[in-house]
>>> print(open('protein_17.tsv').read())   # TSV, C-alpha atoms and all ligand atoms
chain	number	residue	atom	x	y	z
B	1	MET	CA	69.28	-117.56	28.35
B	2	SER	CA	65.86	-119.06	29.04
B	3	ASN	CA	62.71	-117.35	27.71
B	4	ILE	CA	61.67	-116.13	31.12
B	5	GLU	CA	65.15	-114.65	31.71
B	6	LYS	CA	64.98	-112.88	28.34
B	7	LEU	CA	61.64	-111.36	29.29
B	8	VAL	CA	62.67	-110.35	32.81
B	9	ASN	CA	66.03	-108.90	31.72
B	10	ALA	CA	64.68	-106.86	28.80
B	11	LYS	CA	65.03	-103.14	29.46
B	12	GLY	CA	62.34	-100.47	29.24
B	13	PHE	CA	58.72	-100.93	28.22
B	14	GLN	CA	57.77	-104.52	27.46
B	15	PHE	CA	54.40	-106.16	27.08
B	16	ALA	CA	53.72	-109.82	27.75
B	17	LEU	CA	50.45	-111.62	28.33
B	18	SER	CA	49.86	-114.15	31.07
B	19	MET	CA	46.97	-116.57	31.02
B	20	ASP	CA	45.63	-118.64	33.89
B	21	CYS	CA	44.77	-121.91	32.20
B	22	GLU	CA	42.04	-123.14	34.50
B	23	GLY	CA	40.44	-126.48	35.16
B	24	THR	CA	36.88	-127.70	35.55
B	25	ASN	CA	36.16	-125.38	38.50
B	26	PHE	CA	35.78	-122.34	36.22
B	27	ASP	CA	35.68	-123.89	32.80
B	28	LYS	CA	32.53	-125.77	31.86
B	29	ASN	CA	33.68	-125.95	28.21
B	30	LEU	CA	37.32	-126.80	28.68
B	31	GLU	CA	37.65	-128.49	25.29
B	32	ASN	CA	36.18	-125.61	23.26
B	33	ASN	CA	38.31	-123.07	25.08
B	34	THR	CA	41.50	-125.09	24.71
B	35	LYS	CA	40.83	-125.43	20.97
B	36	ASN	CA	41.01	-121.62	20.70
B	37	LEU	CA	44.40	-121.33	22.42
B	38	GLU	CA	46.61	-121.63	19.31
B	39	ARG	CA	44.86	-118.67	17.73
B	40	LEU	CA	45.81	-116.40	20.60
B	41	LEU	CA	49.37	-117.72	20.78
B	42	ARG	CA	49.78	-117.14	17.03
B	43	LEU	CA	48.63	-113.53	17.35
B	44	ASN	CA	51.10	-112.82	20.17
B	45	SER	CA	54.01	-114.66	18.55
B	46	LYS	CA	53.46	-112.88	15.23
B	47	ASN	CA	53.85	-109.63	17.14
B	48	ASN	CA	56.91	-110.81	19.04
B	49	ILE	CA	55.01	-110.99	22.33
B	50	TYR	CA	55.54	-113.68	24.96
B	51	THR	CA	52.56	-115.54	26.41
B	52	ILE	CA	53.06	-117.02	29.86
B	53	LEU	CA	50.70	-119.95	30.32
B	54	PHE	CA	49.99	-120.79	33.96
B	55	ILE	CA	48.73	-124.32	33.62
B	56	THR	CA	46.58	-126.34	36.02
B	57	PRO	CA	46.68	-130.15	35.92
B	58	TYR	CA	43.21	-130.35	34.34
B	59	PHE	CA	44.23	-127.96	31.57
B	60	ALA	CA	47.44	-129.95	30.97
B	61	ASP	CA	45.32	-133.04	30.60
B	62	MET	CA	43.12	-131.35	27.97
B	63	LEU	CA	46.15	-130.04	26.04
B	64	SER	CA	47.49	-133.56	25.98
B	65	LYS	CA	44.16	-135.09	24.90
B	66	LEU	CA	43.93	-132.61	22.00
B	67	ASN	CA	47.57	-133.29	21.01
B	68	LEU	CA	48.45	-129.63	21.50
B	69	VAL	CA	51.39	-129.87	23.90
B	70	GLU	CA	54.15	-130.08	21.29
B	71	LYS	CA	52.34	-127.74	18.86
B	72	ILE	CA	52.17	-124.84	21.29
B	73	LYS	CA	55.89	-125.11	22.00
B	74	ASP	CA	56.45	-123.63	18.51
B	75	PHE	CA	55.04	-120.32	19.72
B	76	LYS	CA	56.62	-117.70	21.96
B	77	VAL	CA	55.43	-119.35	25.18
B	78	ILE	CA	56.68	-119.70	28.72
B	79	PHE	CA	55.19	-122.41	30.91
B	80	GLY	CA	54.16	-121.85	34.49
B	81	LEU	CA	52.45	-123.94	37.16
B	82	HIS	CA	49.01	-122.85	38.34
B	83	VAL	CA	47.35	-124.55	41.31
B	84	HIS	CA	43.81	-124.51	42.68
B	85	PRO	CA	43.98	-127.10	45.48
B	86	ASP	CA	40.20	-127.68	45.36
B	87	ASN	CA	40.34	-128.66	41.67
B	88	LEU	CA	42.85	-131.49	41.27
B	89	PRO	CA	42.39	-134.62	39.15
B	90	ASP	CA	41.94	-137.90	41.05
B	91	GLU	CA	45.43	-139.10	39.99
B	92	ILE	CA	46.84	-136.28	42.15
B	93	LYS	CA	44.19	-136.18	44.85
B	94	CYS	CA	44.62	-139.85	45.71
B	95	HIS	CA	48.09	-139.02	47.08
B	96	LEU	CA	46.84	-136.11	49.19
B	97	ASP	CA	44.46	-137.32	51.90
B	98	PHE	CA	44.53	-133.93	53.66
B	99	ILE	CA	42.82	-132.02	50.79
B	100	LYS	CA	39.59	-130.29	51.79
B	101	ASP	CA	37.20	-130.05	48.84
B	102	ASP	CA	36.00	-126.57	49.73
B	103	GLU	CA	39.39	-125.02	50.54
B	104	GLU	CA	40.30	-122.70	47.65
B	105	LEU	CA	43.56	-121.24	48.92
B	106	LEU	CA	46.95	-122.90	48.76
B	107	THR	CA	48.19	-120.95	51.79
B	108	ALA	CA	45.51	-122.57	53.98
B	109	TYR	CA	47.81	-125.60	53.89
B	110	SER	CA	50.98	-126.15	55.92
B	111	TYR	CA	54.45	-126.06	54.39
B	112	GLU	CA	54.62	-129.88	54.23
B	113	GLU	CA	51.17	-130.08	52.65
B	114	GLN	CA	51.92	-127.37	50.08
B	115	LYS	CA	55.06	-129.26	49.20
B	116	GLU	CA	53.05	-132.40	48.45
B	117	ILE	CA	50.49	-130.48	46.38
B	118	ILE	CA	53.24	-128.84	44.33
B	119	LYS	CA	55.23	-132.05	43.91
B	120	TYR	CA	52.33	-134.09	42.54
B	121	SER	CA	51.10	-131.23	40.35
B	122	MET	CA	54.57	-130.67	38.84
B	123	ASP	CA	54.99	-134.41	38.22
B	124	TYR	CA	51.60	-134.48	36.53
B	125	LEU	CA	52.42	-131.57	34.18
B	126	HIS	CA	55.82	-133.04	33.33
B	127	HIS	CA	54.18	-136.35	32.59
B	128	LYS	CA	51.89	-134.57	30.10
B	129	GLY	CA	54.95	-133.07	28.39
B	130	ILE	CA	54.70	-129.54	29.79
B	131	THR	CA	58.39	-128.60	30.08
B	132	PRO	CA	60.28	-126.55	31.08
B	133	ILE	CA	58.12	-125.04	33.84
B	134	GLU	CA	59.79	-121.76	34.77
B	135	ILE	CA	57.35	-119.76	36.86
B	136	PHE	CA	54.58	-120.18	39.45
B	137	ARG	CA	51.20	-118.53	40.10
B	138	GLY	CA	48.81	-119.60	42.83
B	139	GLY	CA	45.05	-119.84	42.26
B	140	TYR	CA	43.41	-116.58	43.46
B	141	PHE	CA	47.04	-115.35	43.71
B	142	SER	CA	47.39	-117.39	46.90
B	143	MET	CA	51.03	-117.72	47.90
B	144	ASP	CA	53.18	-117.27	51.02
B	145	ASP	CA	56.79	-117.82	52.13
B	146	ASP	CA	56.12	-121.55	52.60
B	147	THR	CA	55.11	-121.76	48.92
B	148	SER	CA	58.41	-120.15	47.86
B	149	LYS	CA	60.38	-122.50	50.12
B	150	ALA	CA	58.59	-125.55	48.73
B	151	LEU	CA	59.15	-124.42	45.13
B	152	ILE	CA	62.86	-123.79	45.70
B	153	GLU	CA	63.33	-127.18	47.35
B	154	LEU	CA	61.38	-129.22	44.83
B	155	THR	CA	61.73	-127.49	41.47
B	156	ASP	CA	63.96	-125.35	39.22
B	157	ILE	CA	61.39	-122.54	39.33
B	158	LYS	CA	62.97	-119.18	40.17
B	159	TYR	CA	60.09	-116.82	39.35
B	160	GLU	CA	56.56	-116.20	40.56
B	161	SER	CA	53.80	-113.95	39.22
B	162	HIS	CA	50.90	-112.43	41.17
B	163	ASN	CA	48.98	-109.23	41.70
B	164	ILE	CA	51.04	-108.20	44.70
B	165	TYR	CA	48.23	-105.95	45.99
B	166	ARG	CA	45.84	-108.87	46.58
B	167	GLU	CA	45.39	-109.95	50.18
B	168	GLN	CA	45.86	-113.61	49.19
B	169	TYR	CA	49.46	-112.83	48.21
B	170	LYS	CA	51.33	-113.10	51.51
B	171	VAL	CA	54.97	-113.31	50.44
B	172	THR	CA	57.30	-111.33	52.71
B	173	LYS	CA	60.69	-112.54	51.45
B	174	ASN	CA	61.48	-112.52	47.75
B	175	ILE	CA	63.27	-115.86	47.56
B	176	LEU	CA	61.77	-116.18	44.08
B	177	THR	CA	61.92	-113.26	41.66
B	178	PRO	CA	58.49	-111.63	41.34
B	179	VAL	CA	57.20	-110.93	37.82
B	180	PRO	CA	54.03	-109.12	38.90
B	181	VAL	CA	50.87	-108.50	36.92
B	182	TYR	CA	50.77	-104.84	35.87
B	183	ALA	CA	48.45	-103.37	38.49
B	184	PHE	CA	47.80	-100.13	40.36
B	185	ASN	CA	45.95	-101.79	43.25
B	186	ASN	CA	44.04	-104.94	44.16
B	187	ASN	CA	41.47	-104.66	41.37
B	188	GLU	CA	42.92	-102.27	38.83
B	189	GLU	CA	45.09	-104.63	36.87
B	190	LEU	CA	45.82	-105.03	33.17
B	191	ARG	CA	43.25	-107.79	32.85
B	192	LEU	CA	41.99	-108.24	29.30
B	193	GLU	CA	38.42	-109.02	30.31
B	194	TYR	CA	38.11	-106.16	32.81
B	195	PHE	CA	37.13	-102.61	32.00
B	196	THR	CA	36.51	-101.13	28.58
B	197	THR	CA	39.06	-101.47	25.80
B	198	GLU	CA	39.69	-97.71	26.11
B	199	LYS	CA	40.58	-98.08	29.78
B	200	LEU	CA	42.93	-100.98	28.98
B	201	VAL	CA	44.64	-98.91	26.31
B	202	GLN	CA	45.06	-96.08	28.83
B	203	MET	CA	46.71	-98.43	31.32
B	204	LEU	CA	49.05	-99.69	28.64
B	205	ALA	CA	49.89	-96.12	27.61
B	206	GLN	CA	50.79	-95.40	31.23
B	207	ALA	CA	53.26	-98.31	31.23
B	208	ILE	CA	54.79	-96.96	28.02
B	209	LYS	CA	55.06	-93.49	29.55
B	210	ASP	CA	56.69	-94.89	32.70
B	211	ASN	CA	58.95	-97.19	30.65
B	212	LYS	CA	57.72	-100.18	32.66
B	213	LYS	CA	57.07	-103.83	32.05
B	214	ALA	CA	53.37	-104.42	31.48
B	215	LEU	CA	52.39	-108.00	32.19
B	216	GLY	CA	48.74	-108.44	31.24
B	217	ILE	CA	46.51	-111.20	32.52
B	218	THR	CA	43.56	-113.14	31.15
B	219	HIS	CA	41.83	-116.50	31.60
B	220	SER	CA	41.54	-119.59	29.45
B	221	TYR	CA	37.78	-119.84	29.98
B	222	LEU	CA	37.41	-116.79	27.70
B	223	LEU	CA	39.33	-118.26	24.75
B	224	ASP	CA	36.13	-119.37	23.05
B	225	PRO	CA	34.20	-116.18	22.10
B	226	GLU	CA	30.99	-118.20	22.59
B	227	ASP	CA	31.82	-119.15	26.19
B	228	PHE	CA	29.04	-118.51	28.73
B	229	HIS	CA	31.28	-116.20	30.77
B	230	TYR	CA	30.85	-113.43	28.16
B	231	LYS	CA	27.11	-113.22	28.61
B	232	ARG	CA	27.16	-113.94	32.33
B	233	ASP	CA	29.72	-111.24	33.12
B	234	ASN	CA	28.54	-108.83	30.45
B	235	ILE	CA	31.91	-108.72	28.66
B	236	THR	CA	31.25	-107.05	25.33
B	237	LYS	CA	34.31	-107.77	23.18
B	238	ASP	CA	36.20	-111.03	23.30
B	239	ILE	CA	39.80	-111.28	24.52
B	240	HIS	CA	41.16	-111.76	20.98
B	241	PHE	CA	39.67	-108.41	19.95
B	242	ARG	CA	40.89	-106.72	23.13
B	243	LEU	CA	44.38	-108.08	22.66
B	244	LYS	CA	44.45	-106.80	19.06
B	245	GLU	CA	43.58	-103.31	20.30
B	246	LEU	CA	46.51	-103.38	22.74
B	247	ILE	CA	48.81	-104.65	20.00
B	248	LYS	CA	47.88	-101.67	17.83
B	249	VAL	CA	49.16	-99.36	20.59
B	250	ILE	CA	52.31	-101.43	21.03
B	251	LYS	CA	52.98	-101.22	17.27
B	252	LEU	CA	52.68	-97.44	17.40
B	253	TYR	CA	55.12	-97.39	20.29
B	254	LYS	CA	57.59	-99.60	18.40
B	255	GLN	CA	57.44	-97.31	15.37
B	256	ALA	CA	57.39	-93.92	17.01
B	257	ILE	CA	58.66	-93.93	20.58
B	258	GLU	CA	61.09	-96.81	20.97
B	259	PRO	CA	63.53	-95.54	18.30
B	260	ILE	CA	63.75	-92.22	20.17
B	261	GLU	CA	64.25	-94.00	23.51
B	262	ASN	CA	67.09	-96.00	21.93
B	263	ILE	CA	68.79	-92.82	20.69
B	264	LYS	CA	68.54	-91.40	24.21
B	265	LEU	CA	70.11	-94.55	25.66
B	266	LYS	CA	73.03	-94.40	23.21
B	267	SER	CA	73.84	-90.73	23.66
V	1	ZN	ZN	43.18	-119.75	38.53
>>> encode(input="protein_17.tsv", output="structure tokens", more="lines below")
Ligand SMILES: [Zn+2]
Amino acid sequence: MSNIEKLVNAKGFQFALSMDCEGTNFDKNLENNTKNLERLLRLNSKNNIYTILFITPYFADMLSKLNLVEKIKDFKVIFGLHVHPDNLPDEIKCHLDFIKDDEELLTAYSYEEQKEIIKYSMDYLHHKGITPIEIFRGGYFSMDDDTSKALIELTDIKYESHNIYREQYKVTKNILTPVPVYAFNNNEELRLEYFTTEKLVQMLAQAIKDNKKALGITHSYLLDPEDFHYKRDNITKDIHFRLKELIKVIKLYKQAIEPIENIKLKS
């Protein structure tokens, strides 16, 4: 069974963290942030938690430059493709003469165009050693039925992950299996850098109470605690600290609640 299948098929409450690994559009310190990735992966792996990395071509390039591609495969990671069509390296862009520099959404493009964008992005990630790629997430959660069709035709990807309440997510037929971000609506989602730590813990507790899968989300441009986003967006504790707080709650659950749930399941 592949890692993504193990995660999707696990019963009851589960926590996993997804990270959009962005390119130069959001990340002005790509190298510093990428250098802090292992630390976060180690924390999750040590606690038996999967991290799903949704990787853009620019981020793949930085991983490769820093010789991190093979290293991070030792952790509990799942690789996904992440695409912002307005932020593609020249090696990809030179094949796509239809790209508009100011168009941020994948679904603004036709089926044939999306197919080309996905093909060259997948090839690029594979070339950098990012394999296997098992899941897809569009930039700004942009995805429609054409995206699913293109992914099915071109790749082995069978899963996609989005906040399904966002207007940019336009899928009507679940050709791919959705692994959604844990969210109550379009902005209340289990996003590490949103809200206070207390609010995040509350959301997680709700998932435990409802026996649901809680897929969190965060962004690579926050990996470095010194990154300018912290000051700019007034985020008080870094994502490593916030993750540790959630893990404390998960540990309590594992010790106190899960054993009782298991007894219930057996009887
Ligand atoms: Zn993104």
>>> atom_distance(input="protein_17.tsv", atom1="CA of Arg191 in chain B", atom2="CA of Ile72 in chain B")
22.4 Å
>>> residues_around(input="protein_17.tsv", residues="Ile208 in chain B", least_positions_apart="2", cutoff="9 Å", atoms="all atoms listed in the file", output="PDB file with C-alpha atoms, keeping the file's coordinate frame")
ATOM      1  CA  GLY B  12      62.340-100.470  29.240  1.00  0.00           C
ATOM      2  CA  PHE B  13      58.720-100.930  28.220  1.00  0.00           C
ATOM      3  CA  GLN B  14      57.770-104.520  27.460  1.00  0.00           C
ATOM      4  CA  MET B 203      46.710 -98.430  31.320  1.00  0.00           C
ATOM      5  CA  LEU B 204      49.050 -99.690  28.640  1.00  0.00           C
ATOM      6  CA  ALA B 205      49.890 -96.120  27.610  1.00  0.00           C
ATOM      7  CA  GLN B 206      50.790 -95.400  31.230  1.00  0.00           C
ATOM      8  CA  ASP B 210      56.690 -94.890  32.700  1.00  0.00           C
ATOM      9  CA  ASN B 211      58.950 -97.190  30.650  1.00  0.00           C
ATOM     10  CA  LYS B 212      57.720-100.180  32.660  1.00  0.00           C
ATOM     11  CA  LYS B 213      57.070-103.830  32.050  1.00  0.00           C
ATOM     12  CA  ALA B 214      53.370-104.420  31.480  1.00  0.00           C
ATOM     13  CA  ILE B 250      52.310-101.430  21.030  1.00  0.00           C
ATOM     14  CA  TYR B 253      55.120 -97.390  20.290  1.00  0.00           C
ATOM     15  CA  ILE B 257      58.660 -93.930  20.580  1.00  0.00           C
TER      16      ILE B 257
END
>>> residues_near_ligand(input="protein_17.tsv", ligand="ligand ZN 1 (chain V)", cutoff="12 Å", atoms="only C-alpha atoms and all ligand atoms", output="number ranges by chain")
B: 18-27, 53-59, 80-87, 104-106, 136-142, 162, 217-221
>>> closest_residue(input="protein_17.tsv", among="B:Thr196, B:Lys93, B:Phe75, B:Val69", to="Lys46 in chain B", atoms="all atoms listed in the file")
B:Phe75
>>> residues_near_point(input="protein_17.tsv", point="(32.9, -114.3, 29.0)", cutoff="12 Å", atoms="all atoms listed in the file", output="PyMOL selection string")
chain B and resi 26-29+33+192-194+218-240
>>> atom_distance(input="protein_17.tsv", atom1="CA of Pro132 in chain B", atom2="CA of Met62 in chain B")
18.1 Å
>>> atom_distance(input="protein_17.tsv", atom1="CA of Phe195 in chain B", atom2="CA of Val181 in chain B")
15.7 Å
>>> residues_around(input="protein_17.tsv", residues="Asn67 in chain B", least_positions_apart="4", cutoff="12 Å", atoms="all atoms listed in the file", output="MDAnalysis selection string")
chainID B and resid 31 34:35 38 60:63 71:73 128:130
>>> residues_around(input="protein_17.tsv", residues="Tyr50 in chain B", least_positions_apart="5", cutoff="9 Å", atoms="only C-alpha atoms", output="number ranges by chain")
B: 3, 7, 15-18, 41, 44-45, 75-78
